[in-house]
Amino acid sequence: MVKKKRSQPRPSTPPLSPAVLLKLFKEVKRPMSRAEIIRQLKLKKKDKALVKDQLKELVQNGKLVRIRRGYGLAESMHCITGRLEIQRQGYGFVVPEDSRRKDVFVNQRDLNDAWHGDRVVVSVVGEPKAGRNAEGRIVRILERGRKVLPVKVVKKMTGGEWLCRPSDPRLNFGIIATLKDESIKVKPGEIALCAPGERIDPTMWEGQITKRLGEETDIAVQEALVKSNHNIRTRFPSGSMTQAETLPPEPSRKDFAGRRDLTKKPFVTIDGATARDFDDAVLVERRGKGYRLWVAIADVSHYVPEGSPLDREAFERGNSYYFPRSVEPMFPEKLSNGLCSLNPDVPRLTMVACMDTDPDGRTVKTELFPAVIRSHARLTYSQVRDAIIEKQAESRKTIAPDLIAMLELSEELARKINLLRVKRGSLDFDLPEPEIFFDVHGETEDIRPRQRNFANQLIEEFMIAANEAVAHFLVERGLPCMFRIHPAADEEKLKNLFRLLSRTDKSVVMPKEITPKKLQMLVSSMEGTDKEYIVNRMLLRSMKQAKYSPDNEGHFGLASEEYAHFTSPIRRYADLVVHRLVKAALHEGEGVPAPVPGHKKLLNVANQLSSRERVAMDAEREILKRVTVLFMRDKVGETFDAVISHITDFGFFVELKEVMAEGLVRLSTMDDDYYTYWPLREMLVGERTGQSFYLGQTVEVVLDEASVERLELNFSLRSVTAAAKDYKDLI
């Protein structure tokens, strides 16, 4: 008897996949239940579980939305997937994953238990009004942005649990937490990490304390807290560390193959005194009546192949993260401070942009190529300032004579490049940045404006020139590029500024077209006047955030038509992408086509990098705020001279003159009059007295409160120390 072969189960027709399900929803053009999907696709009962799993996957990815009787296409239901960013006032914005869409405003009542940083689906309600974002409500939390929350331990409960509060003031609930194990010892007032569990009621969650961080006043604890708040990686996975360990301590001779030997040329690095990773080295030579500018950038891509463990980890990080007392680098120290860092007196692999300029500093020819260099000196900004800018005799002795001559030529060229940039309308906001100073015990000693000089400017000018040259190189060849774009400023805010200024200065007329050049002329005309502060602040607030994109939209702030990041591949992944694109261009026509990413892939990469850059900026602001509040806690009751930096309908923010700190004077603390906010004039005006408060006004304030829990400095007004302007002068 011949056994019949068991027939193989017939595959489902069509083969099931999330793509097939999405296509069906688009064809049917209405929501469907699971049973309807099975009928539409003529599936078997055995496919029921697979359909269920794939629908769940599509919901998790934000492509479908679960509704009462089935599922609907998120895009057809006016739903958008993105990351939620909650503001201090309680409301939030969903930043769409599709960068072509605008942010969606979400009222506090419509957050539906979503936290800051969560990946969510937001249902858009109505069309956006002029000058405003579309409004929406959170319909689903796809993924918690934070699996662990830093918390402040409040007290021990009678049952042995601990009452805690999240250290992020945007999370307005409590947590009743148990200890993960008995080895964790915490005390009231300390900071710990807590894994949240189920919600008990609208104001309370369960949780488990997984780690004690330490005392709230310890800066290291505050840094660890901020890193956890923003999901900043603090450890490299074993795969990337293993790859890093296999790399040699120094470049080998075989690495020099196909590279120009520039080791004899006197390249130098110029960085801050505490810098340890050196991305760039520069050299300037006289070339006829013009100049030759060499910018050598660490060739990280030589050691980090695309798709390797180091590359994947760097992509997830997006960039390095800098804190007052620590750094979380994009690459392990073996690369960032060693093999790829352009340390002095050792050979290093680089990508070089060699730019020939005319006598005015305008680039007329650019050549890009791989090279090996040897930095002839590790210089600091202050060292170059003293020796070259101020020509101090003692400082000049610390630098070799041939380098002195080269640096003086560099200053000459940098000033000419800067002048060209100013002429085309590039905007420079010379606003002070805070720098935290610590004593020998690690305590905050002072927060003062960061010192800048033309040595900083010199390097910035050369880096901008190189970035523009590289972007032009790729555009000229019709190749893709990861552009650094900066959208035009907010037109409504700019109109507000021109309207405000024209009320008191008839020479100020709003131009028909607002260009960077027109704005720069406005800044220059107000320099040294009592309106300089107002103009700088309002202009800065009108600027939109720069981002990465494969589509060239120009850089508004720099008044640049083509701009890309090329000069910092050790600390920015975008620069690594551009290096690979340049190498692909250089190898074109050699018979082996280099892989060039398509537009969709570059767009996804750009979205990830722009997102991680925002994280780095938010983390930097938060740690600065935390250190500032801690520094000011023992100064409650003291009086400070301050400048009004921002006006709102509930008060005004002030910047202190003695220390770089900002806080709020609330209208509720001002009992001499009833004040009205005039948004078009950026003023608060007293109904009875006519007393006005405006941007740039000098006031005397008393520090009433320094709250680490709310990250706030609250002041009360002591006196108006500048001559108060009658509000009639400004209407």
# chains A, B, ... in the order shown; residues from 1 in each chain; ligands from 1
>>> residues_around(residues="range 215-219 of chain A", least_positions_apart="5", cutoff="8 Å", atoms="only C-alpha atoms", output="number ranges by chain")
A: 189-191, 325, 442-443, 627, 630
>>> select_by_dssp(residues="range 607-693 of chain A", states="alpha helix (DSSP H)", output="list in words")
Asn607, Gln608, Leu609, Ser610, Ser611, Arg612, Glu613, Arg614, Val615, Ala616, Met617, Asp618, Ala619, Glu620, Arg621, Glu622, Ile623, Leu624, Lys625, Arg626, Val627, Thr628, Val629, Leu630, Phe631 and Met632 of chain A
>>> write_last_selection(atoms="N, CA, C and O atoms", output="compact mmCIF listing (two decimals), in the first residue's frame")
# COMPACT_ATOMS: atom_id res chain seq x y z
N ASN A 607 15.35 63.05 10.76
CA ASN A 607 14.36 63.17 11.82
C ASN A 607 14.92 62.68 13.16
O ASN A 607 14.71 63.31 14.20
N GLN A 608 15.62 61.54 13.13
CA GLN A 608 16.22 61.00 14.35
C GLN A 608 17.25 61.97 14.93
O GLN A 608 17.26 62.24 16.13
N LEU A 609 18.11 62.52 14.07
CA LEU A 609 19.18 63.39 14.55
C LEU A 609 18.64 64.72 15.06
O LEU A 609 19.13 65.25 16.06
N SER A 610 17.64 65.26 14.39
CA SER A 610 17.02 66.50 14.86
C SER A 610 16.36 66.28 16.22
O SER A 610 16.42 67.13 17.10
N SER A 611 15.74 65.10 16.37
CA SER A 611 15.09 64.76 17.64
C SER A 611 16.12 64.65 18.77
O SER A 611 15.91 65.18 19.87
N ARG A 612 17.24 63.96 18.52
CA ARG A 612 18.25 63.80 19.56
C ARG A 612 18.94 65.13 19.88
O ARG A 612 19.35 65.37 21.01
N GLU A 613 19.03 66.00 18.89
CA GLU A 613 19.61 67.32 19.16
C GLU A 613 18.71 68.11 20.12
O GLU A 613 19.20 68.79 21.02
N ARG A 614 17.39 68.00 19.92
CA ARG A 614 16.46 68.67 20.84
C ARG A 614 16.61 68.12 22.25
O ARG A 614 16.55 68.86 23.24
N VAL A 615 16.81 66.81 22.35
CA VAL A 615 17.02 66.19 23.67
C VAL A 615 18.26 66.78 24.34
O VAL A 615 18.24 67.12 25.53
N ALA A 616 19.35 66.89 23.58
CA ALA A 616 20.60 67.44 24.13
C ALA A 616 20.40 68.88 24.61
O ALA A 616 20.87 69.26 25.68
N MET A 617 19.67 69.67 23.83
CA MET A 617 19.42 71.06 24.21
C MET A 617 18.56 71.14 25.47
O MET A 617 18.84 71.93 26.37
N ASP A 618 17.51 70.31 25.52
CA ASP A 618 16.63 70.32 26.70
C ASP A 618 17.39 69.87 27.95
O ASP A 618 17.19 70.44 29.03
N ALA A 619 18.23 68.85 27.80
CA ALA A 619 19.01 68.36 28.95
C ALA A 619 19.98 69.43 29.43
O ALA A 619 20.17 69.62 30.64
N GLU A 620 20.61 70.12 28.50
CA GLU A 620 21.55 71.19 28.86
C GLU A 620 20.85 72.30 29.62
O GLU A 620 21.36 72.81 30.62
N ARG A 621 19.66 72.68 29.14
CA ARG A 621 18.89 73.73 29.83
C ARG A 621 18.47 73.28 31.23
O ARG A 621 18.51 74.04 32.18
N GLU A 622 18.06 72.01 31.32
CA GLU A 622 17.56 71.53 32.62
C GLU A 622 18.67 71.46 33.67
O GLU A 622 18.48 71.89 34.81
N ILE A 623 19.85 70.94 33.28
CA ILE A 623 20.92 70.86 34.28
C ILE A 623 21.39 72.25 34.69
O ILE A 623 21.71 72.50 35.86
N LEU A 624 21.40 73.20 33.74
CA LEU A 624 21.77 74.57 34.08
C LEU A 624 20.77 75.15 35.07
O LEU A 624 21.16 75.80 36.05
N LYS A 625 19.48 74.91 34.83
CA LYS A 625 18.44 75.41 35.73
C LYS A 625 18.58 74.79 37.11
O LYS A 625 18.47 75.48 38.13
N ARG A 626 18.86 73.49 37.17
CA ARG A 626 18.97 72.81 38.46
C ARG A 626 20.17 73.33 39.25
O ARG A 626 20.07 73.59 40.46
N VAL A 627 21.30 73.46 38.58
CA VAL A 627 22.49 73.96 39.27
C VAL A 627 22.27 75.39 39.74
O VAL A 627 22.66 75.77 40.85
N THR A 628 21.60 76.19 38.91
CA THR A 628 21.33 77.59 39.26
C THR A 628 20.43 77.69 40.48
O THR A 628 20.70 78.47 41.41
N VAL A 629 19.36 76.91 40.50
CA VAL A 629 18.42 76.94 41.64
C VAL A 629 19.14 76.50 42.92
O VAL A 629 18.97 77.12 43.98
N LEU A 630 19.93 75.43 42.84
CA LEU A 630 20.67 74.98 44.02
C LEU A 630 21.65 76.06 44.50
O LEU A 630 21.80 76.30 45.71
N PHE A 631 22.31 76.73 43.56
CA PHE A 631 23.27 77.79 43.90
C PHE A 631 22.57 78.96 44.59
O PHE A 631 23.15 79.62 45.47
N MET A 632 21.32 79.24 44.22
CA MET A 632 20.61 80.41 44.75
C MET A 632 19.84 80.12 46.03
O MET A 632 19.30 81.05 46.64
>>> select_by_dssp(residues="range 97-217 of chain A", states="strand (DSSP E)", output="MDAnalysis selection string")
chainID A and resid 104:106 119:125 134:143 149:156 162:166 174:179 190:201 204:215
>>> write_last_selection(atoms="C-alpha atoms", output="JSON list (two decimals), in the first residue's frame")
[["chain", "number", "residue", "atom", "x", "y", "z"],
["A", 104, "VAL", "CA", -0.03, 69.74, 17.34],
["A", 105, "PHE", "CA", -1.10, 71.64, 20.47],
["A", 106, "VAL", "CA", -2.63, 69.51, 23.27],
["A", 119, "ARG", "CA", 5.33, 58.32, 21.77],
["A", 120, "VAL", "CA", 1.64, 58.95, 21.19],
["A", 121, "VAL", "CA", -1.17, 59.12, 18.67],
["A", 122, "VAL", "CA", -2.94, 62.48, 18.68],
["A", 123, "SER", "CA", -6.33, 63.06, 17.09],
["A", 124, "VAL", "CA", -6.38, 66.46, 15.38],
["A", 125, "VAL", "CA", -9.48, 68.51, 16.14],
["A", 134, "ALA", "CA", -3.68, 72.68, 15.14],
["A", 135, "GLU", "CA", -5.24, 71.36, 18.35],
["A", 136, "GLY", "CA", -5.65, 67.73, 19.28],
["A", 137, "ARG", "CA", -6.15, 65.17, 22.02],
["A", 138, "ILE", "CA", -4.09, 62.10, 22.86],
["A", 139, "VAL", "CA", -5.99, 58.95, 21.86],
["A", 140, "ARG", "CA", -3.27, 56.37, 22.50],
["A", 141, "ILE", "CA", 0.09, 56.03, 24.22],
["A", 142, "LEU", "CA", 2.23, 53.86, 21.93],
["A", 143, "GLU", "CA", 5.35, 53.81, 24.08],
["A", 149, "LEU", "CA", 11.68, 57.96, 36.56],
["A", 150, "PRO", "CA", 14.02, 59.91, 38.84],
["A", 151, "VAL", "CA", 12.07, 60.68, 42.02],
["A", 152, "LYS", "CA", 12.52, 62.57, 45.25],
["A", 153, "VAL", "CA", 11.84, 60.38, 48.28],
["A", 154, "VAL", "CA", 9.27, 62.18, 50.49],
["A", 155, "LYS", "CA", 8.64, 59.85, 53.45],
["A", 156, "LYS", "CA", 8.28, 56.24, 54.60],
["A", 162, "TRP", "CA", 7.98, 54.98, 50.28],
["A", 163, "LEU", "CA", 6.03, 58.02, 49.11],
["A", 164, "CYS", "CA", 7.91, 59.66, 46.20],
["A", 165, "ARG", "CA", 7.38, 62.45, 43.69],
["A", 166, "PRO", "CA", 8.88, 62.55, 40.17],
["A", 174, "GLY", "CA", 2.89, 60.84, 43.40],
["A", 175, "ILE", "CA", 4.29, 57.30, 43.52],
["A", 176, "ILE", "CA", 3.93, 54.76, 46.32],
["A", 177, "ALA", "CA", 7.03, 52.62, 45.82],
["A", 178, "THR", "CA", 8.53, 49.47, 47.24],
["A", 179, "LEU", "CA", 12.27, 48.72, 47.23],
["A", 190, "GLU", "CA", 17.21, 61.82, 48.57],
["A", 191, "ILE", "CA", 16.94, 61.18, 44.83],
["A", 192, "ALA", "CA", 16.31, 57.66, 43.53],
["A", 193, "LEU", "CA", 15.32, 55.89, 40.32],
["A", 194, "CYS", "CA", 11.84, 54.36, 40.28],
["A", 195, "ALA", "CA", 10.13, 52.06, 37.76],
["A", 196, "PRO", "CA", 6.45, 53.11, 37.63],
["A", 197, "GLY", "CA", 3.77, 50.41, 37.73],
["A", 198, "GLU", "CA", -0.01, 50.66, 37.59],
["A", 199, "ARG", "CA", -2.01, 53.81, 38.24],
["A", 200, "ILE", "CA", -3.85, 53.75, 41.58],
["A", 201, "ASP", "CA", -5.92, 56.90, 41.02],
["A", 204, "MET", "CA", -1.05, 58.35, 42.41],
["A", 205, "TRP", "CA", 0.85, 55.45, 40.83],
["A", 206, "GLU", "CA", 2.52, 52.31, 42.09],
["A", 207, "GLY", "CA", 6.24, 51.86, 41.58],
["A", 208, "GLN", "CA", 9.50, 50.17, 42.56],
["A", 209, "ILE", "CA", 12.69, 51.94, 43.60],
["A", 210, "THR", "CA", 15.52, 50.37, 41.61],
["A", 211, "LYS", "CA", 18.51, 52.53, 42.57],
["A", 212, "ARG", "CA", 19.53, 55.22, 45.04],
["A", 213, "LEU", "CA", 21.24, 58.18, 43.34],
["A", 214, "GLY", "CA", 22.09, 60.22, 46.45],
["A", 215, "GLU", "CA", 21.73, 63.67, 47.98]]
>>> closest_atom_pairs(of="range 343-380 of chain A", to="range 276-291 of chain A", cutoff="6 Å", atoms="only C-alpha atoms", output="CSV")
residue,atom,partner,partner_atom,distance
A:Asp356,CA,A:Tyr291,CA,5.9
A:Thr357,CA,A:Tyr291,CA,5.3
A:Asp358,CA,A:Gly290,CA,4.5
A:Pro359,CA,A:Gly290,CA,4.1
>>> write_last_selection(atoms="N, CA and C atoms", output="PDB file, in the first residue's frame")
ATOM      1  N   ASP A 356      40.821  77.775  -1.599  1.00  0.00           N
ATOM      2  CA  ASP A 356      41.569  78.944  -2.075  1.00  0.00           C
ATOM      3  C   ASP A 356      40.619  80.130  -2.106  1.00  0.00           C
ATOM      4  N   THR A 357      41.101  81.278  -1.625  1.00  0.00           N
ATOM      5  CA  THR A 357      40.255  82.468  -1.578  1.00  0.00           C
ATOM      6  C   THR A 357      40.892  83.610  -2.362  1.00  0.00           C
ATOM      7  N   ASP A 358      40.057  84.593  -2.685  1.00  0.00           N
ATOM      8  CA  ASP A 358      40.579  85.815  -3.290  1.00  0.00           C
ATOM      9  C   ASP A 358      41.090  86.732  -2.167  1.00  0.00           C
ATOM     10  N   PRO A 359      41.627  87.893  -2.476  1.00  0.00           N
ATOM     11  CA  PRO A 359      42.172  88.779  -1.426  1.00  0.00           C
ATOM     12  C   PRO A 359      41.151  89.197  -0.373  1.00  0.00           C
TER      13      PRO A 359
END
>>> residues_around(residues="range 665-670 of chain A", least_positions_apart="6", cutoff="10 Å", atoms="only C-alpha atoms", output="list in words")
Ile644, Ile647, Thr648, Asp649, Phe650, Gly651, Phe652, Phe653, Val654, Thr676, Leu684, Val701, Val702, Leu703, Asp704, Leu713, Asn714, Phe715, Ser716, Leu717 and Arg718 of chain A
>>> residues_around(residues="Val685 in chain A", least_positions_apart="6", cutoff="8 Å", atoms="only C-alpha atoms", output="VMD selection string")
chain A and resid 675 to 678 691 to 693 727
>>> residues_around(residues="range 73-78 of chain A", least_positions_apart="3", cutoff="10 Å", atoms="only C-alpha atoms", output="list in words")
Leu22, Phe25, Lys26, Lys29, Arg30, Pro31, Met32, Leu58, Val59, Gly62, Lys63, Leu64, Val65, Arg66, Thr81, Val121, Val122, Ser123, Val124, Val125, Gly126 and Gly136 of chain A
>>> residues_around(residues="Asn536 in chain A", least_positions_apart="6", cutoff="12 Å", atoms="only C-alpha atoms", output="ChimeraX atom specification")
/A:427-432,494,497,519-520,522-530,542-543,645-646,695-696
>>> closest_residue(among="A:Asp490, A:Glu709, A:Asp575, A:Glu468", to="Arg132 in chain A", atoms="only C-alpha atoms")
A:Asp490
>>> atom_distance(atom1="CA of Pro202 in chain A", atom2="CA of His116 in chain A")
16.4 Å
>>> residues_around(residues="Arg385 in chain A", least_positions_apart="6", cutoff="12 Å", atoms="only C-alpha atoms", output="mmCIF file with C-alpha atoms, in the first residue's frame")
data_model
loop_
_atom_site.group_PDB
_atom_site.id
_atom_site.type_symbol
_atom_site.label_atom_id
_atom_site.label_comp_id
_atom_site.auth_asym_id
_atom_site.auth_seq_id
_atom_site.Cartn_x
_atom_site.Cartn_y
_atom_site.Cartn_z
ATOM 1 C CA ILE A 270 42.346 75.590 18.906
ATOM 2 C CA ASP A 271 39.793 74.595 21.554
ATOM 3 C CA GLY A 272 38.656 75.326 25.091
ATOM 4 C CA LEU A 379 46.283 75.632 21.502
ATOM 5 C CA LYS A 391 50.018 90.378 21.261
ATOM 6 C CA GLN A 392 51.215 89.833 24.828
ATOM 7 C CA SER A 395 52.201 84.547 25.720
ATOM 8 C CA ARG A 396 53.888 84.759 22.319
ATOM 9 C CA ILE A 404 52.788 82.783 15.404
ATOM 10 C CA LEU A 407 48.080 82.376 13.314
ATOM 11 C CA GLU A 408 48.403 86.074 12.498
ATOM 12 C CA GLU A 411 43.303 86.151 12.090
ATOM 13 C CA GLN A 451 34.244 84.538 28.026
ATOM 14 C CA ARG A 452 34.477 84.764 24.241
ATOM 15 C CA ASN A 453 37.078 86.437 22.068
ATOM 16 C CA PHE A 454 38.095 86.556 18.422
ATOM 17 C CA ALA A 455 40.009 83.292 18.795
ATOM 18 C CA ASN A 456 36.604 81.595 19.192
ATOM 19 C CA GLN A 457 35.315 83.566 16.221
ATOM 20 C CA LEU A 458 38.337 82.600 14.118
#
>>> closest_residue(among="A:Ala574, A:Ala488, A:Val94, A:Val643", to="Ile534 in chain A", atoms="only C-alpha atoms")
A:Val643
>>> closest_residue(among="A:Asp402, A:Glu532, A:Glu328, A:Glu435", to="Ala224 in chain A", atoms="only C-alpha atoms")
A:Glu328
